[in-house]
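Novice: Below is one structure. I have some questions about it.
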Amino acid sequence: MKKLIIQAFKLMIGFYTVVIVGYLFRHYIFTFTALRKSDNSCSDDFEDHLYEPTVSIVIPARNEEKVIGQLLQRMTELTYPMEKLKEVIVINDASSDATGQIAEEYSKHYSFIRVIHRDKKTGGKGKPSAINSCLHLLTGVIVLFFDADYIPQIDIVEKLVRGFVNPNVGAIQGRPVVYNEPKNLVTKIIALERIGGYCIGQKARDDLGLTPQFGGTVGGFRRAFLEEIGSLDESMLTDDTDWTFLVRLHGYKVRYIDDAECYEEAVDSWSAYWKQRHRWALGHMQVCFKHGWSVVKSRKLCLKEKIDGLLLLHLYFLPVATLFSWLAGIMLVLFEPSPAVYTMWYFTPMSLYILAANSAPFFEIGIGTYLDERTRIQWLIPLLLFSYLFNILICTKAFFDLLFSKVLRKQKNSWAKTNHNGGENRYSGIRS
Amino acid sequence: MQFKDNPVFAMLFLEAVAICLLISFRFINLESTVNLLWFNLLFVSMTFILKAPLNRKLGLLALGNVLGVFCNFYYRLFHSAGCLIFGDPFSLVYVILYPFFNFMWIVTFWSLSLAALSSQAKGRR
């Protein structure tokens, strides 16, 4: 029996090492591609196109009184032709604060801003549910989404919609940049993760013809696609990942536009970080169960897209696998100490080099900061080790939560809302 | 001839790297040599493609190897001291922690090197 367990542990570690090497290879290709493309001055294939379709903007908001004003103010300053901007729809999703009043105030001053109020009975069920409530009202050819705590560039609509000039493109993603980065260590770590994820990961995926991930905000869809799918799956905690795979499985492409920047307020405490990442991990795992098999058998995806799609879908399982492999490795070292086992163990924690921050390797983040010309923040890269250890705990908890909900057939779908305080950009009335 | 173009310095740095590898293999242990090789692989593959003078990159590589030898030497001393105080079971603790210790110096040095190369590239622009 003991021998069997030891063999099982060895197999587990061996399999894990192969998977980790696969991810290492993937991220190395991403980093190398981003570096190579950064030298290529004419990398942006959207640059020469003038495309101005009609646009609808959707802003789901729940208890966002501290930040909704700054976003609506920015909506009034957009440089996109007003006759093409059909509507800005604010969904006041059963807020118990002044979110609805602030939105109404803007709505009175600007005719293109509309507010939908959802009461406690119908609202508060999460972002997909809120968005579903307004889909029938949209009239623009392109629908863009912004979270309430985001501050977009004034020309962001032009930058985002130019990607839709290709009729095969179904979704577009812009780049979120953390504006409260100097606040504390948590915001700095999140800024690093964002730089690695967007400046390298998303950009490289786009350059390699793979699928950049739609982030649920700072991006949008062709309305035809939304009409095709009818409504969003309200049981999904990460609607963004769900949408990404829906777009691809319906035969559309997702594109990433690096210069369409939008400034976001990152969570600023470890407890808020835990809540947010737990939701992401749980939602991502849900999407993996929902779309995993569809990706494998899809005829609309080529082999490289299938491989990348599957690696993306399983991303949040990696920290869980890491924890189990570490535990198995430590057991082996303790109960069967031998040079062969020591060597095996030595390679197991090597995953640290590959998965440092939110499953992006430290070199990907480092090169991202290099391309972004962010010298000082590079000093913090070693601290990503601690955020990764934290993520291992978060993802393991999410994994077991999902497992229990599957076994007990209880779909507990509580929406862990992230609180935003707006910092220095807090709402202080309509500016003309 | 300036420092950044001088092949003598480049040779010197490469020799320093080779000496560090030999020292780690001969006087520390095989694991430390594997760690240095891993560091060299990461460093060369991820920083040598950046825009900076070759000698600067080689200098940082050599410095990283010297640091690696020192770190591994001290880990070895730590191991010996631990075994002396706590007995042989300490070896297992050391084996488990060893990859984490190495992660710390490799990533820290790589990040600082990247910062040094970035600031120079930024200054040039």
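Labels used: A, B, ... for chains in the order of the structure tokens, numbers from 1 for residues in each chain, and numbers from 1 for ligands as shown.
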What's the 8 Å shell around segment 196-200 of chain A, counting only C-alpha atoms, without same-chain residues fewer than 5 positions away, as a PyMOL selection string?
Specialist: chain A and resi 30-31+34+175-176+258+360+364-369+371-372
Novice: Specify as a count of residues only all residues of chain B found within 10 Å of chain A, counting only C-alpha atoms.
Specialist: 38
Novice: Grab the atom CA of Phe48 of chain B to atom CA of Ala10 of chain B distance for me, in Å with one decimal place.
Specialist: 13.5 Å
Novice: Please identify all polymer residues within 8 Å of Tyr23 of chain A, counting only C-alpha atoms, omitting same-chain residues fewer than 3 positions from it, and present them as a list in words.
Specialist: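 Counting only the stated atoms, we get Val19, Ile20, Arg26, His27, Leu311 and Ile354 of chain A.
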Novice: Identify, on the basis of only C-alpha atoms, every residue whose closest approach to Leu63 of chain B does not exceed 10 Å; exclude the query and any residue fewer than 3 positions from it along the same chain; express the result as a list in words.
Specialist: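 Here the qualifying residues turn out to be Phe13, Ala16, Val17, Cys20, Lys57, Leu58, Gly59, Leu60, Val66, Leu67, Gly68, Val69, Phe109 and Ser113 of chain B.
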Novice: With N, CA, C and O atoms retained, export the selected residues as an mmCIF file, in the first residue's frame.
Specialist:
```
data_model
loop_
_atom_site.group_PDB
_atom_site.id
_atom_site.type_symbol
_atom_site.label_atom_id
_atom_site.label_comp_id
_atom_site.auth_asym_id
_atom_site.auth_seq_id
_atom_site.Cartn_x
_atom_site.Cartn_y
_atom_site.Cartn_z
ATOM 1 N N PHE B 13 34.471 38.644 -17.989
ATOM 2 C CA PHE B 13 33.181 38.305 -17.381
ATOM 3 C C PHE B 13 32.815 36.841 -17.638
ATOM 4 O O PHE B 13 32.317 36.153 -16.749
ATOM 5 N N ALA B 16 34.776 34.753 -15.387
ATOM 6 C CA ALA B 16 34.227 34.822 -14.020
ATOM 7 C C ALA B 16 33.046 33.855 -13.875
ATOM 8 O O ALA B 16 32.928 33.146 -12.861
ATOM 9 N N VAL B 17 32.201 33.805 -14.897
ATOM 10 C CA VAL B 17 31.048 32.889 -14.870
ATOM 11 C C VAL B 17 31.546 31.444 -14.789
ATOM 12 O O VAL B 17 31.074 30.644 -13.958
ATOM 13 N N CYS B 20 32.963 30.650 -11.365
ATOM 14 C CA CYS B 20 31.896 30.480 -10.372
ATOM 15 C C CYS B 20 31.274 29.098 -10.477
ATOM 16 O O CYS B 20 30.995 28.443 -9.460
ATOM 17 N N LYS B 57 25.582 43.596 -19.880
ATOM 18 C CA LYS B 57 24.798 42.382 -19.616
ATOM 19 C C LYS B 57 25.700 41.264 -19.101
ATOM 20 O O LYS B 57 25.351 40.557 -18.156
ATOM 21 N N LEU B 58 26.879 41.139 -19.726
ATOM 22 C CA LEU B 58 27.807 40.098 -19.276
ATOM 23 C C LEU B 58 28.299 40.375 -17.852
ATOM 24 O O LEU B 58 28.458 39.461 -17.045
ATOM 25 N N GLY B 59 28.530 41.662 -17.571
ATOM 26 C CA GLY B 59 28.963 42.061 -16.225
ATOM 27 C C GLY B 59 27.924 41.678 -15.186
ATOM 28 O O GLY B 59 28.242 41.123 -14.122
ATOM 29 N N LEU B 60 26.657 41.948 -15.515
ATOM 30 C CA LEU B 60 25.582 41.598 -14.584
ATOM 31 C C LEU B 60 25.456 40.079 -14.438
ATOM 32 O O LEU B 60 25.211 39.575 -13.339
ATOM 33 N N VAL B 66 28.517 35.351 -9.115
ATOM 34 C CA VAL B 66 29.271 35.533 -7.868
ATOM 35 C C VAL B 66 28.292 35.521 -6.683
ATOM 36 O O VAL B 66 28.512 34.851 -5.670
ATOM 37 N N LEU B 67 27.183 36.257 -6.848
ATOM 38 C CA LEU B 67 26.171 36.295 -5.790
ATOM 39 C C LEU B 67 25.613 34.890 -5.521
ATOM 40 O O LEU B 67 25.437 34.485 -4.364
ATOM 41 N N GLY B 68 25.365 34.160 -6.605
ATOM 42 C CA GLY B 68 24.846 32.798 -6.480
ATOM 43 C C GLY B 68 25.788 31.897 -5.702
ATOM 44 O O GLY B 68 25.359 31.120 -4.849
ATOM 45 N N VAL B 69 27.090 32.019 -5.987
ATOM 46 C CA VAL B 69 28.080 31.206 -5.270
ATOM 47 C C VAL B 69 28.047 31.541 -3.782
ATOM 48 O O VAL B 69 28.008 30.656 -2.927
ATOM 49 N N PHE B 109 17.837 39.193 -8.011
ATOM 50 C CA PHE B 109 18.942 39.713 -8.816
ATOM 51 C C PHE B 109 18.488 39.991 -10.248
ATOM 52 O O PHE B 109 18.859 41.004 -10.838
ATOM 53 N N SER B 113 18.676 43.627 -12.029
ATOM 54 C CA SER B 113 19.426 43.762 -13.285
ATOM 55 C C SER B 113 18.543 44.379 -14.359
ATOM 56 O O SER B 113 18.978 45.239 -15.128
#
```
Novice: Enumerate the residues of segment 87-306 of chain A with a DSSP assignment of helix (DSSP H, G or I), computed from the backbone, and present them as a ChimeraX atom specification.
Specialist: /A:99-109,127-132,135-137,156-165,185-207,223-229,239-249,270-297,303-306
Novice: Can you work out the spacing between atom CA of Leu135 of chain A and atom CA of Lys300 of chain A in Å, to one decimal?
Specialist: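 Atom CA of Lys300 of chain A lies 26.1 Å from atom CA of Leu135 of chain A.
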Novice: If you count only C-alpha atoms, which residues fall within 10 Å of Phe324 of chain A, apart from same-chain ones fewer than 2 positions away, as a PyMOL selection string?
Specialist: chain A and resi 9+12-13+16+318-322+326-330+396
Novice: Save the residues we just selected, C-alpha atoms, as a PDB file, in the first residue's frame?
Specialist:
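Dumped everything to part16.pdb:
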```pdb
ATOM      1  CA  PHE A   9       2.873  10.704  -5.616  1.00  0.00           C
ATOM      2  CA  MET A  12       1.487  13.125  -9.771  1.00  0.00           C
ATOM      3  CA  ILE A  13       4.683  15.146  -9.517  1.00  0.00           C
ATOM      4  CA  TYR A  16       2.608  18.234 -12.826  1.00  0.00           C
ATOM      5  CA  LEU A 318      -2.681  25.295 -11.541  1.00  0.00           C
ATOM      6  CA  PRO A 319      -2.206  26.812  -8.072  1.00  0.00           C
ATOM      7  CA  VAL A 320      -4.326  23.952  -6.669  1.00  0.00           C
ATOM      8  CA  ALA A 321      -2.191  21.392  -8.514  1.00  0.00           C
ATOM      9  CA  THR A 322       0.893  23.189  -7.204  1.00  0.00           C
ATOM     10  CA  TRP A 326       4.212  20.345  -3.055  1.00  0.00           C
ATOM     11  CA  LEU A 327       2.467  18.326  -0.380  1.00  0.00           C
ATOM     12  CA  ALA A 328       3.131  15.092  -2.285  1.00  0.00           C
ATOM     13  CA  GLY A 329       6.767  16.130  -2.793  1.00  0.00           C
ATOM     14  CA  ILE A 330       7.268  16.924   0.900  1.00  0.00           C
ATOM     15  CA  THR A 396      -7.645  25.927  -3.413  1.00  0.00           C
TER      16      THR A 396
END
```
Novice: State, in Å with one decimal place, the distance from atom CA of Thr244 of chain A to atom CA of Ala61 of chain A.
Specialist: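 Computed distance, atom CA of Thr244 of chain A to atom CA of Ala61 of chain A, equals 21.6 Å.
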Novice: Using only C-alpha atoms, I'd like a table of the residues in segment 106-198 of chain A that come within 10 Å of segment 205-217 of chain A; for each, show the closest atom pair and its distance in Å rounded to one decimal, ordered by chain and ascending number, as CSV.
Specialist:
```
residue,atom,partner,partner_atom,distance
A:Lys127,CA,A:Gly216,CA,9.4
A:Pro128,CA,A:Gly216,CA,9.8
A:Leu144,CA,A:Thr217,CA,7.9
A:Phe145,CA,A:Thr217,CA,5.1
A:Phe146,CA,A:Thr217,CA,4.7
A:Asp147,CA,A:Thr217,CA,5.7
A:Ala148,CA,A:Thr217,CA,9.4
A:Tyr150,CA,A:Thr217,CA,8.6
A:Ala171,CA,A:Phe214,CA,7.3
A:Ile172,CA,A:Phe214,CA,7.0
A:Gln173,CA,A:Phe214,CA,5.5
A:Gly174,CA,A:Thr217,CA,8.2
A:Arg175,CA,A:Gly215,CA,9.1
A:Pro176,CA,A:Thr217,CA,8.5
A:Gly197,CA,A:Gln213,CA,9.9
A:Tyr198,CA,A:Pro212,CA,9.2
```
Novice: Next, write the just-selected residues to a file, as a short mmCIF file (atom, residue, chain, number, x, y, z; two decimals), in the first residue's frame, keeping N, CA, C and O atoms as the atom set.
Specialist:
```cif
data_model
loop_
_atom_site.label_atom_id
_atom_site.label_comp_id
_atom_site.auth_asym_id
_atom_site.auth_seq_id
_atom_site.Cartn_x
_atom_site.Cartn_y
_atom_site.Cartn_z
N LYS A 127 -23.48 40.93 -12.24
CA LYS A 127 -23.33 41.74 -13.45
C LYS A 127 -24.05 41.15 -14.68
O LYS A 127 -24.72 41.91 -15.39
N PRO A 128 -23.95 39.84 -14.93
CA PRO A 128 -24.63 39.32 -16.12
C PRO A 128 -26.15 39.58 -16.07
O PRO A 128 -26.76 39.93 -17.07
N LEU A 144 -20.30 48.84 -25.91
CA LEU A 144 -19.11 48.86 -25.05
C LEU A 144 -19.52 48.79 -23.59
O LEU A 144 -20.59 49.29 -23.21
N PHE A 145 -18.65 48.20 -22.78
CA PHE A 145 -18.94 48.06 -21.35
C PHE A 145 -17.83 48.72 -20.52
O PHE A 145 -16.65 48.57 -20.82
N PHE A 146 -18.26 49.43 -19.49
CA PHE A 146 -17.29 49.98 -18.53
C PHE A 146 -17.79 49.71 -17.12
O PHE A 146 -18.97 49.90 -16.83
N ASP A 147 -16.88 49.28 -16.24
CA ASP A 147 -17.24 49.17 -14.83
C ASP A 147 -17.24 50.58 -14.24
O ASP A 147 -16.53 51.47 -14.73
N ALA A 148 -17.98 50.76 -13.15
CA ALA A 148 -18.18 52.11 -12.62
C ALA A 148 -16.91 52.76 -12.07
O ALA A 148 -16.80 53.98 -11.99
N TYR A 150 -13.97 52.79 -13.41
CA TYR A 150 -12.99 53.01 -14.46
C TYR A 150 -13.07 54.44 -15.00
O TYR A 150 -14.16 55.02 -15.07
N ALA A 171 -15.51 40.74 -30.57
CA ALA A 171 -15.26 41.41 -29.28
C ALA A 171 -13.91 42.10 -29.29
O ALA A 171 -12.98 41.65 -29.96
N ILE A 172 -13.85 43.18 -28.54
CA ILE A 172 -12.62 43.97 -28.44
C ILE A 172 -12.30 44.19 -26.97
O ILE A 172 -13.19 44.38 -26.16
N GLN A 173 -11.02 44.15 -26.65
CA GLN A 173 -10.61 44.42 -25.27
C GLN A 173 -9.55 45.53 -25.25
O GLN A 173 -8.60 45.49 -26.03
N GLY A 174 -9.74 46.51 -24.37
CA GLY A 174 -8.74 47.56 -24.18
C GLY A 174 -7.88 47.22 -22.97
O GLY A 174 -7.97 46.13 -22.41
N ARG A 175 -7.04 48.17 -22.58
CA ARG A 175 -6.09 47.88 -21.50
C ARG A 175 -6.40 48.64 -20.22
O ARG A 175 -6.36 49.88 -20.20
N PRO A 176 -6.69 47.95 -19.13
CA PRO A 176 -6.87 48.64 -17.85
C PRO A 176 -5.52 48.96 -17.20
O PRO A 176 -4.61 48.13 -17.24
N GLY A 197 -0.05 40.77 -17.43
CA GLY A 197 -1.20 40.16 -18.09
C GLY A 197 -1.58 40.84 -19.38
O GLY A 197 -1.90 40.18 -20.38
N TYR A 198 -1.56 42.18 -19.37
CA TYR A 198 -2.04 42.90 -20.56
C TYR A 198 -0.91 43.25 -21.53
O TYR A 198 -1.01 43.01 -22.73
#
```
Novice: Could you pull the residues within 9 Å of segment 178-187 of chain A, counting only C-alpha atoms, minus those fewer than 4 positions along the same chain, as a PyMOL selection string?
Specialist: chain A and resi 191-192+194+262-270+273+380+387+423
Novice: When you count only C-alpha atoms, which of these residues is closest to Lys203 of chain A: A:Thr33, A:Glu227, A:Asp149, A:Ala398?
Specialist: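 So, comparing all the options, the nearest one is A:Thr33.
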